[in-house]
$ cat entry-v8.pdb   # PDB, C-alpha atoms, pLDDT in the B column
MODEL        1
ATOM      1  CA  GLY A   1     -34.658  43.999 -13.989  1.00 63.00           C
ATOM      2  CA  ALA A   2     -35.523  40.735 -12.187  1.00 78.00           C
ATOM      3  CA  VAL A   3     -32.425  38.789 -13.177  1.00 88.00           C
ATOM      4  CA  VAL A   4     -31.505  35.450 -11.633  1.00 93.00           C
ATOM      5  CA  SER A   5     -28.008  34.065 -12.030  1.00 95.00           C
ATOM      6  CA  GLN A   6     -26.595  30.625 -11.395  1.00 97.00           C
ATOM      7  CA  HIS A   7     -23.039  29.534 -10.832  1.00 96.00           C
ATOM      8  CA  PRO A   8     -21.451  27.520 -12.213  1.00 97.00           C
ATOM      9  CA  SER A   9     -23.111  27.152 -15.598  1.00 96.00           C
ATOM     10  CA  ARG A  10     -21.432  23.802 -16.148  1.00 96.00           C
ATOM     11  CA  VAL A  11     -19.688  21.412 -13.791  1.00 97.00           C
ATOM     12  CA  ILE A  12     -18.139  18.008 -14.240  1.00 97.00           C
ATOM     13  CA  CYS A  13     -17.326  16.029 -11.132  1.00 95.00           C
ATOM     14  CA  LYS A  14     -16.304  12.555 -10.190  1.00 96.00           C
ATOM     15  CA  SER A  15     -18.688  10.087  -8.645  1.00 96.00           C
ATOM     16  CA  GLY A  16     -18.749  10.392  -4.867  1.00 96.00           C
ATOM     17  CA  THR A  17     -17.842  14.050  -4.675  1.00 97.00           C
ATOM     18  CA  SER A  18     -20.123  16.931  -3.714  1.00 97.00           C
ATOM     19  CA  VAL A  19     -21.064  19.881  -5.871  1.00 97.00           C
ATOM     20  CA  LYS A  20     -22.514  23.226  -4.833  1.00 97.00           C
ATOM     21  CA  ILE A  21     -24.674  25.322  -7.148  1.00 97.00           C
ATOM     22  CA  GLU A  22     -25.474  28.939  -6.338  1.00 97.00           C
ATOM     23  CA  CYS A  23     -28.601  30.812  -7.289  1.00 96.00           C
ATOM     24  CA  ARG A  24     -28.704  34.586  -6.898  1.00 95.00           C
ATOM     25  CA  SER A  25     -31.359  37.196  -7.486  1.00 91.00           C
ATOM     26  CA  LEU A  26     -29.324  40.108  -8.769  1.00 90.00           C
ATOM     27  CA  ASP A  27     -31.655  43.088  -8.573  1.00 85.00           C
ATOM     28  CA  PHE A  28     -34.497  42.045  -6.327  1.00 84.00           C
ATOM     29  CA  GLN A  29     -35.171  40.273  -3.071  1.00 86.00           C
ATOM     30  CA  ALA A  30     -36.620  36.798  -3.212  1.00 86.00           C
ATOM     31  CA  THR A  31     -38.318  35.350  -0.148  1.00 82.00           C
ATOM     32  CA  THR A  32     -38.891  32.101  -1.987  1.00 88.00           C
ATOM     33  CA  MET A  33     -36.610  30.243  -4.353  1.00 92.00           C
ATOM     34  CA  PHE A  34     -37.314  27.017  -6.157  1.00 93.00           C
ATOM     35  CA  TRP A  35     -34.996  24.308  -7.421  1.00 96.00           C
ATOM     36  CA  TYR A  36     -35.873  22.257 -10.483  1.00 96.00           C
ATOM     37  CA  ARG A  37     -34.245  19.408 -12.336  1.00 96.00           C
ATOM     38  CA  GLN A  38     -34.667  18.799 -16.036  1.00 94.00           C
ATOM     39  CA  PHE A  39     -33.676  15.675 -17.923  1.00 91.00           C
ATOM     40  CA  PRO A  40     -33.220  15.739 -21.718  1.00 87.00           C
ATOM     41  CA  LYS A  41     -36.424  16.355 -23.647  1.00 82.00           C
ATOM     42  CA  GLN A  42     -38.439  16.454 -20.442  1.00 87.00           C
ATOM     43  CA  SER A  43     -40.067  19.291 -18.609  1.00 87.00           C
ATOM     44  CA  LEU A  44     -38.862  20.880 -15.397  1.00 91.00           C
ATOM     45  CA  MET A  45     -39.499  18.890 -12.243  1.00 92.00           C
ATOM     46  CA  LEU A  46     -39.698  20.716  -8.952  1.00 92.00           C
ATOM     47  CA  MET A  47     -37.252  19.368  -6.397  1.00 95.00           C
ATOM     48  CA  ALA A  48     -37.714  21.721  -3.471  1.00 94.00           C
ATOM     49  CA  THR A  49     -39.021  25.077  -2.333  1.00 91.00           C
ATOM     50  CA  SER A  50     -36.726  27.232  -0.279  1.00 89.00           C
ATOM     51  CA  ASN A  51     -37.799  30.084   1.976  1.00 85.00           C
ATOM     52  CA  GLU A  52     -35.254  32.506   3.367  1.00 81.00           C
ATOM     53  CA  GLY A  53     -34.294  31.642   6.906  1.00 79.00           C
ATOM     54  CA  SER A  54     -36.202  28.374   7.121  1.00 82.00           C
ATOM     55  CA  LYS A  55     -35.806  24.774   6.072  1.00 86.00           C
ATOM     56  CA  ALA A  56     -36.553  23.814   2.505  1.00 91.00           C
ATOM     57  CA  THR A  57     -39.626  21.816   1.573  1.00 91.00           C
ATOM     58  CA  TYR A  58     -38.786  18.847  -0.621  1.00 94.00           C
ATOM     59  CA  GLU A  59     -41.029  17.199  -3.174  1.00 92.00           C
ATOM     60  CA  GLN A  60     -41.898  13.565  -2.783  1.00 91.00           C
ATOM     61  CA  GLY A  61     -39.087  11.309  -3.902  1.00 92.00           C
ATOM     62  CA  VAL A  62     -36.350  13.930  -3.508  1.00 94.00           C
ATOM     63  CA  GLU A  63     -33.796  12.993  -0.840  1.00 93.00           C
ATOM     64  CA  LYS A  64     -33.220  15.960   1.431  1.00 92.00           C
ATOM     65  CA  ASP A  65     -29.964  14.516   2.747  1.00 94.00           C
ATOM     66  CA  LYS A  66     -28.621  14.203  -0.770  1.00 95.00           C
ATOM     67  CA  PHE A  67     -29.770  17.568  -2.090  1.00 96.00           C
ATOM     68  CA  LEU A  68     -28.924  20.098   0.592  1.00 95.00           C
ATOM     69  CA  ILE A  69     -30.538  23.491   0.195  1.00 94.00           C
ATOM     70  CA  ASN A  70     -29.547  26.623   2.035  1.00 90.00           C
ATOM     71  CA  HIS A  71     -31.370  29.927   1.649  1.00 88.00           C
ATOM     72  CA  ALA A  72     -29.349  32.130   3.924  1.00 82.00           C
ATOM     73  CA  SER A  73     -30.322  35.505   2.493  1.00 89.00           C
ATOM     74  CA  LEU A  74     -32.977  37.141   0.362  1.00 88.00           C
ATOM     75  CA  THR A  75     -30.694  37.027  -2.664  1.00 91.00           C
ATOM     76  CA  LEU A  76     -28.891  33.697  -2.384  1.00 93.00           C
ATOM     77  CA  SER A  77     -29.867  30.047  -2.304  1.00 94.00           C
ATOM     78  CA  THR A  78     -27.488  27.133  -2.718  1.00 95.00           C
ATOM     79  CA  LEU A  79     -28.060  23.539  -3.749  1.00 97.00           C
ATOM     80  CA  THR A  80     -25.423  21.003  -2.783  1.00 97.00           C
ATOM     81  CA  VAL A  81     -25.521  17.615  -4.434  1.00 97.00           C
ATOM     82  CA  THR A  82     -23.759  15.347  -1.970  1.00 96.00           C
ATOM     83  CA  SER A  83     -21.972  12.146  -2.978  1.00 96.00           C
ATOM     84  CA  ALA A  84     -22.985  12.677  -6.574  1.00 96.00           C
ATOM     85  CA  HIS A  85     -23.569   9.705  -8.839  1.00 96.00           C
ATOM     86  CA  PRO A  86     -23.918   9.498 -12.635  1.00 96.00           C
ATOM     87  CA  GLU A  87     -27.700   9.331 -12.328  1.00 95.00           C
ATOM     88  CA  ASP A  88     -27.586  12.802 -10.753  1.00 96.00           C
ATOM     89  CA  SER A  89     -26.323  14.187 -14.051  1.00 96.00           C
ATOM     90  CA  SER A  90     -28.958  16.656 -15.153  1.00 96.00           C
ATOM     91  CA  PHE A  91     -29.774  20.291 -15.801  1.00 96.00           C
ATOM     92  CA  TYR A  92     -30.526  22.089 -12.543  1.00 97.00           C
ATOM     93  CA  ILE A  93     -32.537  25.307 -12.688  1.00 96.00           C
ATOM     94  CA  CYS A  94     -33.484  27.663  -9.909  1.00 96.00           C
ATOM     95  CA  SER A  95     -36.185  30.278  -9.896  1.00 93.00           C
ATOM     96  CA  ALA A  96     -37.026  33.112  -7.569  1.00 91.00           C
ATOM     97  CA  ARG A  97     -40.278  34.750  -6.653  1.00 85.00           C
ATOM     98  CA  ALA A  98     -39.837  38.482  -6.449  1.00 74.00           C
ATOM     99  CA  LEU A  99     -40.655  40.384  -3.301  1.00 62.00           C
ATOM    100  CA  GLY A 100     -41.885  43.826  -4.275  1.00 54.00           C
ATOM    101  CA  ALA A 101     -40.190  43.820  -7.675  1.00 49.00           C
ATOM    102  CA  GLY A 102     -41.925  46.949  -8.834  1.00 45.00           C
ATOM    103  CA  GLY A 103     -44.207  46.688 -11.817  1.00 46.00           C
ATOM    104  CA  ASN A 104     -43.881  42.939 -12.135  1.00 52.00           C
ATOM    105  CA  HIS A 105     -46.725  40.499 -11.982  1.00 58.00           C
ATOM    106  CA  PRO A 106     -47.253  39.291  -8.403  1.00 61.00           C
ATOM    107  CA  TYR A 107     -47.173  35.646  -9.455  1.00 63.00           C
ATOM    108  CA  GLU A 108     -44.073  35.956 -11.556  1.00 74.00           C
ATOM    109  CA  GLN A 109     -41.146  33.648 -11.072  1.00 82.00           C
ATOM    110  CA  TYR A 110     -37.826  34.379 -12.662  1.00 88.00           C
ATOM    111  CA  PHE A 111     -35.674  31.494 -13.763  1.00 92.00           C
ATOM    112  CA  GLY A 112     -31.936  31.228 -13.704  1.00 94.00           C
ATOM    113  CA  PRO A 113     -29.964  30.115 -16.759  1.00 95.00           C
ATOM    114  CA  GLY A 114     -29.404  26.639 -15.369  1.00 96.00           C
ATOM    115  CA  THR A 115     -26.426  24.530 -14.357  1.00 97.00           C
ATOM    116  CA  ARG A 116     -25.407  21.473 -16.346  1.00 96.00           C
ATOM    117  CA  LEU A 117     -24.078  18.827 -13.962  1.00 97.00           C
ATOM    118  CA  THR A 118     -22.208  15.845 -15.339  1.00 97.00           C
ATOM    119  CA  VAL A 119     -21.055  13.164 -12.934  1.00 97.00           C
ATOM    120  CA  THR A 120     -18.437  10.772 -14.310  1.00 96.00           C
TER     121      THR A 120
ATOM    122  CA  LYS B   1     -55.422  15.012 -11.671  1.00 80.00           C
ATOM    123  CA  ASN B   2     -53.622  18.267 -12.423  1.00 82.00           C
ATOM    124  CA  GLN B   3     -52.154  18.083 -15.901  1.00 89.00           C
ATOM    125  CA  VAL B   4     -50.917  20.392 -18.619  1.00 95.00           C
ATOM    126  CA  GLU B   5     -50.796  19.067 -22.145  1.00 95.00           C
ATOM    127  CA  GLN B   6     -49.218  20.793 -25.090  1.00 97.00           C
ATOM    128  CA  SER B   7     -49.469  20.227 -28.796  1.00 96.00           C
ATOM    129  CA  PRO B   8     -47.869  19.720 -31.114  1.00 97.00           C
ATOM    130  CA  GLN B   9     -44.844  18.068 -29.540  1.00 95.00           C
ATOM    131  CA  SER B  10     -42.640  19.546 -32.231  1.00 96.00           C
ATOM    132  CA  LEU B  11     -43.099  21.884 -35.149  1.00 97.00           C
ATOM    133  CA  ILE B  12     -40.967  22.995 -38.079  1.00 98.00           C
ATOM    134  CA  ILE B  13     -41.880  26.170 -39.943  1.00 98.00           C
ATOM    135  CA  LEU B  14     -40.308  28.434 -42.513  1.00 98.00           C
ATOM    136  CA  GLU B  15     -38.874  31.754 -41.460  1.00 98.00           C
ATOM    137  CA  GLY B  16     -41.435  34.500 -41.754  1.00 98.00           C
ATOM    138  CA  LYS B  17     -44.445  32.223 -41.276  1.00 98.00           C
ATOM    139  CA  ASN B  18     -46.855  32.327 -38.373  1.00 98.00           C
ATOM    140  CA  CYS B  19     -47.624  29.456 -36.023  1.00 98.00           C
ATOM    141  CA  THR B  20     -49.864  28.634 -33.094  1.00 98.00           C
ATOM    142  CA  LEU B  21     -49.058  26.393 -30.170  1.00 98.00           C
ATOM    143  CA  GLN B  22     -51.748  24.849 -28.008  1.00 98.00           C
ATOM    144  CA  CYS B  23     -52.046  24.165 -24.295  1.00 98.00           C
ATOM    145  CA  ASN B  24     -54.869  22.332 -22.528  1.00 97.00           C
ATOM    146  CA  TYR B  25     -54.961  22.027 -18.775  1.00 96.00           C
ATOM    147  CA  THR B  26     -56.925  20.328 -16.042  1.00 94.00           C
ATOM    148  CA  VAL B  27     -55.465  22.279 -13.132  1.00 88.00           C
ATOM    149  CA  SER B  28     -57.566  23.430 -10.214  1.00 86.00           C
ATOM    150  CA  PRO B  29     -57.993  25.814  -8.497  1.00 88.00           C
ATOM    151  CA  PHE B  30     -56.663  27.852 -11.387  1.00 90.00           C
ATOM    152  CA  SER B  31     -54.615  30.938 -10.640  1.00 88.00           C
ATOM    153  CA  ASN B  32     -52.578  31.870 -13.674  1.00 90.00           C
ATOM    154  CA  LEU B  33     -51.149  30.587 -16.929  1.00 94.00           C
ATOM    155  CA  ARG B  34     -47.711  31.386 -18.242  1.00 94.00           C
ATOM    156  CA  TRP B  35     -45.830  30.794 -21.431  1.00 96.00           C
ATOM    157  CA  TYR B  36     -42.078  30.455 -21.306  1.00 95.00           C
ATOM    158  CA  LYS B  37     -39.453  30.202 -24.018  1.00 96.00           C
ATOM    159  CA  GLN B  38     -36.542  27.913 -23.273  1.00 95.00           C
ATOM    160  CA  ASP B  39     -33.496  27.833 -25.496  1.00 94.00           C
ATOM    161  CA  THR B  40     -31.449  24.645 -25.441  1.00 89.00           C
ATOM    162  CA  GLY B  41     -29.238  24.534 -22.364  1.00 89.00           C
ATOM    163  CA  ARG B  42     -30.770  27.688 -20.894  1.00 91.00           C
ATOM    164  CA  GLY B  43     -33.368  28.490 -18.283  1.00 92.00           C
ATOM    165  CA  PRO B  44     -36.945  29.412 -19.226  1.00 93.00           C
ATOM    166  CA  VAL B  45     -37.701  33.028 -20.024  1.00 92.00           C
ATOM    167  CA  SER B  46     -41.176  34.399 -19.391  1.00 90.00           C
ATOM    168  CA  LEU B  47     -43.178  35.498 -22.416  1.00 94.00           C
ATOM    169  CA  THR B  48     -46.617  36.124 -20.943  1.00 93.00           C
ATOM    170  CA  ILE B  49     -48.548  35.522 -17.773  1.00 91.00           C
ATOM    171  CA  MET B  50     -52.335  35.689 -17.547  1.00 93.00           C
ATOM    172  CA  THR B  51     -54.788  35.417 -14.701  1.00 90.00           C
ATOM    173  CA  PHE B  52     -58.386  34.224 -14.813  1.00 85.00           C
ATOM    174  CA  SER B  53     -59.766  37.557 -15.964  1.00 88.00           C
ATOM    175  CA  GLU B  54     -57.336  38.040 -18.843  1.00 91.00           C
ATOM    176  CA  ASN B  55     -58.041  36.372 -22.166  1.00 93.00           C
ATOM    177  CA  THR B  56     -55.246  37.747 -24.284  1.00 96.00           C
ATOM    178  CA  LYS B  57     -51.802  39.193 -23.766  1.00 95.00           C
ATOM    179  CA  SER B  58     -49.136  40.207 -26.224  1.00 96.00           C
ATOM    180  CA  ASN B  59     -45.391  40.505 -25.989  1.00 95.00           C
ATOM    181  CA  GLY B  60     -43.993  41.702 -29.278  1.00 96.00           C
ATOM    182  CA  ARG B  61     -44.571  39.011 -31.882  1.00 97.00           C
ATOM    183  CA  TYR B  62     -45.959  36.647 -29.247  1.00 98.00           C
ATOM    184  CA  THR B  63     -49.673  36.689 -28.437  1.00 98.00           C
ATOM    185  CA  ALA B  64     -51.171  34.368 -25.852  1.00 98.00           C
ATOM    186  CA  THR B  65     -54.855  33.664 -25.420  1.00 97.00           C
ATOM    187  CA  LEU B  66     -56.673  32.077 -22.528  1.00 97.00           C
ATOM    188  CA  ASP B  67     -60.121  30.535 -22.369  1.00 95.00           C
ATOM    189  CA  ALA B  68     -60.634  29.691 -18.706  1.00 91.00           C
ATOM    190  CA  ASP B  69     -64.003  28.085 -19.445  1.00 92.00           C
ATOM    191  CA  THR B  70     -62.596  25.472 -21.808  1.00 95.00           C
ATOM    192  CA  LYS B  71     -59.233  25.457 -20.039  1.00 95.00           C
ATOM    193  CA  GLN B  72     -57.310  26.139 -23.182  1.00 97.00           C
ATOM    194  CA  SER B  73     -54.553  28.524 -24.107  1.00 98.00           C
ATOM    195  CA  SER B  74     -52.661  29.248 -27.277  1.00 98.00           C
ATOM    196  CA  LEU B  75     -49.462  31.027 -28.127  1.00 98.00           C
ATOM    197  CA  HIS B  76     -49.347  32.648 -31.537  1.00 98.00           C
ATOM    198  CA  ILE B  77     -46.017  33.627 -33.033  1.00 98.00           C
ATOM    199  CA  THR B  78     -46.121  36.110 -35.873  1.00 98.00           C
ATOM    200  CA  ALA B  79     -43.514  36.477 -38.615  1.00 98.00           C
ATOM    201  CA  SER B  80     -41.239  33.841 -37.147  1.00 97.00           C
ATOM    202  CA  GLN B  81     -37.511  34.377 -36.960  1.00 97.00           C
ATOM    203  CA  LEU B  82     -34.665  31.890 -36.753  1.00 97.00           C
ATOM    204  CA  SER B  83     -34.117  32.973 -33.152  1.00 97.00           C
ATOM    205  CA  ASP B  84     -37.603  31.751 -32.283  1.00 97.00           C
ATOM    206  CA  SER B  85     -36.275  28.188 -32.459  1.00 97.00           C
ATOM    207  CA  ALA B  86     -36.693  26.934 -28.905  1.00 97.00           C
ATOM    208  CA  SER B  87     -38.988  24.985 -26.632  1.00 96.00           C
ATOM    209  CA  TYR B  88     -42.156  26.765 -25.555  1.00 97.00           C
ATOM    210  CA  ILE B  89     -43.518  25.684 -22.218  1.00 97.00           C
ATOM    211  CA  CYS B  90     -47.010  26.247 -20.901  1.00 97.00           C
ATOM    212  CA  VAL B  91     -47.150  26.476 -17.111  1.00 95.00           C
ATOM    213  CA  VAL B  92     -50.282  26.684 -14.992  1.00 94.00           C
ATOM    214  CA  GLY B  93     -50.283  27.928 -11.429  1.00 89.00           C
ATOM    215  CA  VAL B  94     -52.774  27.086  -8.697  1.00 86.00           C
ATOM    216  CA  ARG B  95     -54.020  29.323  -5.928  1.00 77.00           C
ATOM    217  CA  THR B  96     -52.893  27.036  -3.132  1.00 69.00           C
ATOM    218  CA  GLY B  97     -49.436  26.277  -1.802  1.00 62.00           C
ATOM    219  CA  ALA B  98     -46.107  28.024  -2.026  1.00 60.00           C
ATOM    220  CA  ASN B  99     -45.344  27.058  -5.593  1.00 61.00           C
ATOM    221  CA  ASN B 100     -47.671  24.604  -7.241  1.00 75.00           C
ATOM    222  CA  LEU B 101     -46.776  25.265 -10.835  1.00 87.00           C
ATOM    223  CA  PHE B 102     -47.687  22.570 -13.287  1.00 90.00           C
ATOM    224  CA  PHE B 103     -45.475  22.348 -16.336  1.00 93.00           C
ATOM    225  CA  GLY B 104     -46.332  21.137 -19.792  1.00 94.00           C
ATOM    226  CA  THR B 105     -43.734  19.094 -21.639  1.00 91.00           C
ATOM    227  CA  GLY B 106     -43.281  21.855 -24.179  1.00 95.00           C
ATOM    228  CA  THR B 107     -43.444  22.285 -27.924  1.00 97.00           C
ATOM    229  CA  ARG B 108     -40.128  22.188 -29.719  1.00 96.00           C
ATOM    230  CA  LEU B 109     -40.237  24.829 -32.471  1.00 98.00           C
ATOM    231  CA  THR B 110     -37.671  24.881 -35.247  1.00 97.00           C
ATOM    232  CA  VAL B 111     -37.639  27.780 -37.669  1.00 98.00           C
ATOM    233  CA  ILE B 112     -35.767  27.090 -40.888  1.00 97.00           C
ATOM    234  CA  PRO B 113     -34.582  29.592 -43.487  1.00 96.00           C
TER     235      PRO B 113
ENDMDL
END
$ encode --input "entry-v8.pdb" --output "structure tokens"
Amino acid sequence: GAVVSQHPSRVICKSGTSVKIECRSLDFQATTMFWYRQFPKQSLMLMATSNEGSKATYEQGVEKDKFLINHASLTLSTLTVTSAHPEDSSFYICSARALGAGGNHPYEQYFGPGTRLTVT
Amino acid sequence: KNQVEQSPQSLIILEGKNCTLQCNYTVSPFSNLRWYKQDTGRGPVSLTIMTFSENTKSNGRYTATLDADTKQSSLHITASQLSDSASYICVVGVRTGANNLFFGTGTRLTVIP
């Protein structure tokens, strides 16, 4: 149980275009989802926290107008990178905090497999 | 300043050998400590999670320890396998805020035949 999926797993886009990444909790409801970015050989960096039905909270230095987050349901959050540039190329990972996922640790977050974005 | 430091940065061991990874943290107020395994190009997968009152937790060949007094944790891998090659990330959570997870930079483990 407690599986998080991301789609797509890899995407290549041209500079100036927008890309949408989906994050789904497959077998549990997630009131809170988190979006991270990871550059090569570095650790995960939190970009924003997304609560279902409300606006996302962005970390300092993350442009909310560039990284649009929508958390429309308890099982789906989307991250849209608008007007992507080569410096946005990175590995984007979402995670979800389980709501009542039976038997799981109350603090547990479940990570998706990540999306590799390459902007040319 | 809230920080999580891991050592060593990288480690190469022979298949079948044991190894121990270290994590020191200066995170407050402490809530929990997690170890994740991250394969290259994949998302992190949880190995163990411990709260203040837990000082050891096992998951198969992985055993994590926690000393909340010295703010240290270790992850011991027994009888390593080639599939253990990955990055191991120590993550410390705080009791305040919606997320507030502090990530270590990881230890890159390579198991060779």
$ resolve_selection --input "entry-v8.pdb" --expression "the PyMOL selection byres ((chain B) within 10 of (chain A))" --output "PyMOL selection string"
chain B and resi 31-34+36+38-46+48-51+87+89+93+95+98-106+108
$ write_last_selection --input "entry-v8.pdb" --atoms "C-alpha atoms" --output "PDB file, in the coordinates of the input"
ATOM      1  CA  SER B  31     -54.615  30.938 -10.640  1.00 88.00           C
ATOM      2  CA  ASN B  32     -52.578  31.870 -13.674  1.00 90.00           C
ATOM      3  CA  LEU B  33     -51.149  30.587 -16.929  1.00 94.00           C
ATOM      4  CA  ARG B  34     -47.711  31.386 -18.242  1.00 94.00           C
ATOM      5  CA  TYR B  36     -42.078  30.455 -21.306  1.00 95.00           C
ATOM      6  CA  GLN B  38     -36.542  27.913 -23.273  1.00 95.00           C
ATOM      7  CA  ASP B  39     -33.496  27.833 -25.496  1.00 94.00           C
ATOM      8  CA  THR B  40     -31.449  24.645 -25.441  1.00 89.00           C
ATOM      9  CA  GLY B  41     -29.238  24.534 -22.364  1.00 89.00           C
ATOM     10  CA  ARG B  42     -30.770  27.688 -20.894  1.00 91.00           C
ATOM     11  CA  GLY B  43     -33.368  28.490 -18.283  1.00 92.00           C
ATOM     12  CA  PRO B  44     -36.945  29.412 -19.226  1.00 93.00           C
ATOM     13  CA  VAL B  45     -37.701  33.028 -20.024  1.00 92.00           C
ATOM     14  CA  SER B  46     -41.176  34.399 -19.391  1.00 90.00           C
ATOM     15  CA  THR B  48     -46.617  36.124 -20.943  1.00 93.00           C
ATOM     16  CA  ILE B  49     -48.548  35.522 -17.773  1.00 91.00           C
ATOM     17  CA  MET B  50     -52.335  35.689 -17.547  1.00 93.00           C
ATOM     18  CA  THR B  51     -54.788  35.417 -14.701  1.00 90.00           C
ATOM     19  CA  SER B  87     -38.988  24.985 -26.632  1.00 96.00           C
ATOM     20  CA  ILE B  89     -43.518  25.684 -22.218  1.00 97.00           C
ATOM     21  CA  GLY B  93     -50.283  27.928 -11.429  1.00 89.00           C
ATOM     22  CA  ARG B  95     -54.020  29.323  -5.928  1.00 77.00           C
ATOM     23  CA  ALA B  98     -46.107  28.024  -2.026  1.00 60.00           C
ATOM     24  CA  ASN B  99     -45.344  27.058  -5.593  1.00 61.00           C
ATOM     25  CA  ASN B 100     -47.671  24.604  -7.241  1.00 75.00           C
ATOM     26  CA  LEU B 101     -46.776  25.265 -10.835  1.00 87.00           C
ATOM     27  CA  PHE B 102     -47.687  22.570 -13.287  1.00 90.00           C
ATOM     28  CA  PHE B 103     -45.475  22.348 -16.336  1.00 93.00           C
ATOM     29  CA  GLY B 104     -46.332  21.137 -19.792  1.00 94.00           C
ATOM     30  CA  THR B 105     -43.734  19.094 -21.639  1.00 91.00           C
ATOM     31  CA  GLY B 106     -43.281  21.855 -24.179  1.00 95.00           C
ATOM     32  CA  ARG B 108     -40.128  22.188 -29.719  1.00 96.00           C
TER      33      ARG B 108
END
$ axis_aligned_box --input "entry-v8.pdb" --around "range 89-99 of chain A" --padding-each-side "8 Å" --output "AutoDock Vina command-line options"
--center_x -33.5 --center_y 27.3 --center_z -9.6 --size_x 30.3 --size_y 42.2 --size_z 28.5
$ closest_residue --input "entry-v8.pdb" --among "B:Leu47, B:Val91, B:Ile112, B:Cys19" --to "Ile77 in chain B" --atoms "only C-alpha atoms"
B:Cys19
$ residues_around --input "entry-v8.pdb" --residues "Thr20 in chain B" --least-positions-apart "4" --cutoff "10 Å" --atoms "all atoms listed in the file" --output "list of chain:residue names"
B:Ser7, B:Pro8, B:Leu11, B:Tyr62, B:Thr63, B:Ala64, B:Ser74, B:Leu75, B:His76, B:Ile77, B:Thr78
$ resolve_selection --input "entry-v8.pdb" --expression "the PyMOL selection byres ((chain B and resi 24) around 9)" --output "PyMOL selection string"
chain B and resi 3-7+22-23+25-26+70-74+90
$ decode --input "entry-v8.pdb" --residues "range 15-32 of chain B" --atoms "N, CA and C atoms" --output "PDB file, in the first residue's frame"
ATOM      1  N   GLU B  15      30.521  -7.147  -1.935  1.00  0.00           N
ATOM      2  CA  GLU B  15      29.279  -7.884  -1.717  1.00  0.00           C
ATOM      3  C   GLU B  15      29.441  -8.851  -0.552  1.00  0.00           C
ATOM      4  N   GLY B  16      28.434  -8.865   0.294  1.00  0.00           N
ATOM      5  CA  GLY B  16      28.457  -9.754   1.448  1.00  0.00           C
ATOM      6  C   GLY B  16      28.970  -9.107   2.725  1.00  0.00           C
ATOM      7  N   LYS B  17      29.669  -7.979   2.581  1.00  0.00           N
ATOM      8  CA  LYS B  17      30.193  -7.291   3.770  1.00  0.00           C
ATOM      9  C   LYS B  17      29.123  -6.419   4.401  1.00  0.00           C
ATOM     10  N   ASN B  18      29.380  -6.055   5.652  1.00  0.00           N
ATOM     11  CA  ASN B  18      28.505  -5.142   6.373  1.00  0.00           C
ATOM     12  C   ASN B  18      29.042  -3.720   6.280  1.00  0.00           C
ATOM     13  N   CYS B  19      28.176  -2.748   6.503  1.00  0.00           N
ATOM     14  CA  CYS B  19      28.640  -1.360   6.556  1.00  0.00           C
ATOM     15  C   CYS B  19      27.702  -0.545   7.433  1.00  0.00           C
ATOM     16  N   THR B  20      28.229   0.583   7.901  1.00  0.00           N
ATOM     17  CA  THR B  20      27.451   1.476   8.750  1.00  0.00           C
ATOM     18  C   THR B  20      27.574   2.899   8.249  1.00  0.00           C
ATOM     19  N   LEU B  21      26.449   3.536   8.087  1.00  0.00           N
ATOM     20  CA  LEU B  21      26.391   4.921   7.642  1.00  0.00           C
ATOM     21  C   LEU B  21      25.999   5.802   8.834  1.00  0.00           C
ATOM     22  N   GLN B  22      26.545   6.996   8.861  1.00  0.00           N
ATOM     23  CA  GLN B  22      26.329   7.872  10.006  1.00  0.00           C
ATOM     24  C   GLN B  22      25.519   9.115   9.639  1.00  0.00           C
ATOM     25  N   CYS B  23      24.784   9.604  10.620  1.00  0.00           N
ATOM     26  CA  CYS B  23      23.994  10.821  10.446  1.00  0.00           C
ATOM     27  C   CYS B  23      24.033  11.612  11.753  1.00  0.00           C
ATOM     28  N   ASN B  24      24.460  12.839  11.679  1.00  0.00           N
ATOM     29  CA  ASN B  24      24.438  13.753  12.824  1.00  0.00           C
ATOM     30  C   ASN B  24      23.507  14.911  12.493  1.00  0.00           C
ATOM     31  N   TYR B  25      22.754  15.349  13.471  1.00  0.00           N
ATOM     32  CA  TYR B  25      21.795  16.413  13.170  1.00  0.00           C
ATOM     33  C   TYR B  25      21.781  17.461  14.284  1.00  0.00           C
ATOM     34  N   THR B  26      21.395  18.640  13.889  1.00  0.00           N
ATOM     35  CA  THR B  26      21.217  19.740  14.848  1.00  0.00           C
ATOM     36  C   THR B  26      19.850  20.356  14.596  1.00  0.00           C
ATOM     37  N   VAL B  27      18.837  19.501  14.556  1.00  0.00           N
ATOM     38  CA  VAL B  27      17.477  19.935  14.232  1.00  0.00           C
ATOM     39  C   VAL B  27      16.647  19.998  15.502  1.00  0.00           C
ATOM     40  N   SER B  28      15.891  21.075  15.624  1.00  0.00           N
ATOM     41  CA  SER B  28      15.070  21.262  16.820  1.00  0.00           C
ATOM     42  C   SER B  28      13.806  22.041  16.478  1.00  0.00           C
ATOM     43  N   PRO B  29      12.679  21.746  17.085  1.00  0.00           N
ATOM     44  CA  PRO B  29      12.427  20.643  18.022  1.00  0.00           C
ATOM     45  C   PRO B  29      12.264  19.320  17.276  1.00  0.00           C
ATOM     46  N   PHE B  30      13.013  18.343  17.715  1.00  0.00           N
ATOM     47  CA  PHE B  30      13.070  17.055  17.030  1.00  0.00           C
ATOM     48  C   PHE B  30      11.731  16.336  17.108  1.00  0.00           C
ATOM     49  N   SER B  31      11.353  15.729  15.984  1.00  0.00           N
ATOM     50  CA  SER B  31      10.146  14.916  15.957  1.00  0.00           C
ATOM     51  C   SER B  31      10.442  13.482  15.559  1.00  0.00           C
ATOM     52  N   ASN B  32      11.151  13.315  14.463  1.00  0.00           N
ATOM     53  CA  ASN B  32      11.397  11.961  13.977  1.00  0.00           C
ATOM     54  C   ASN B  32      12.613  11.954  13.067  1.00  0.00           C
TER      55      ASN B  32
END
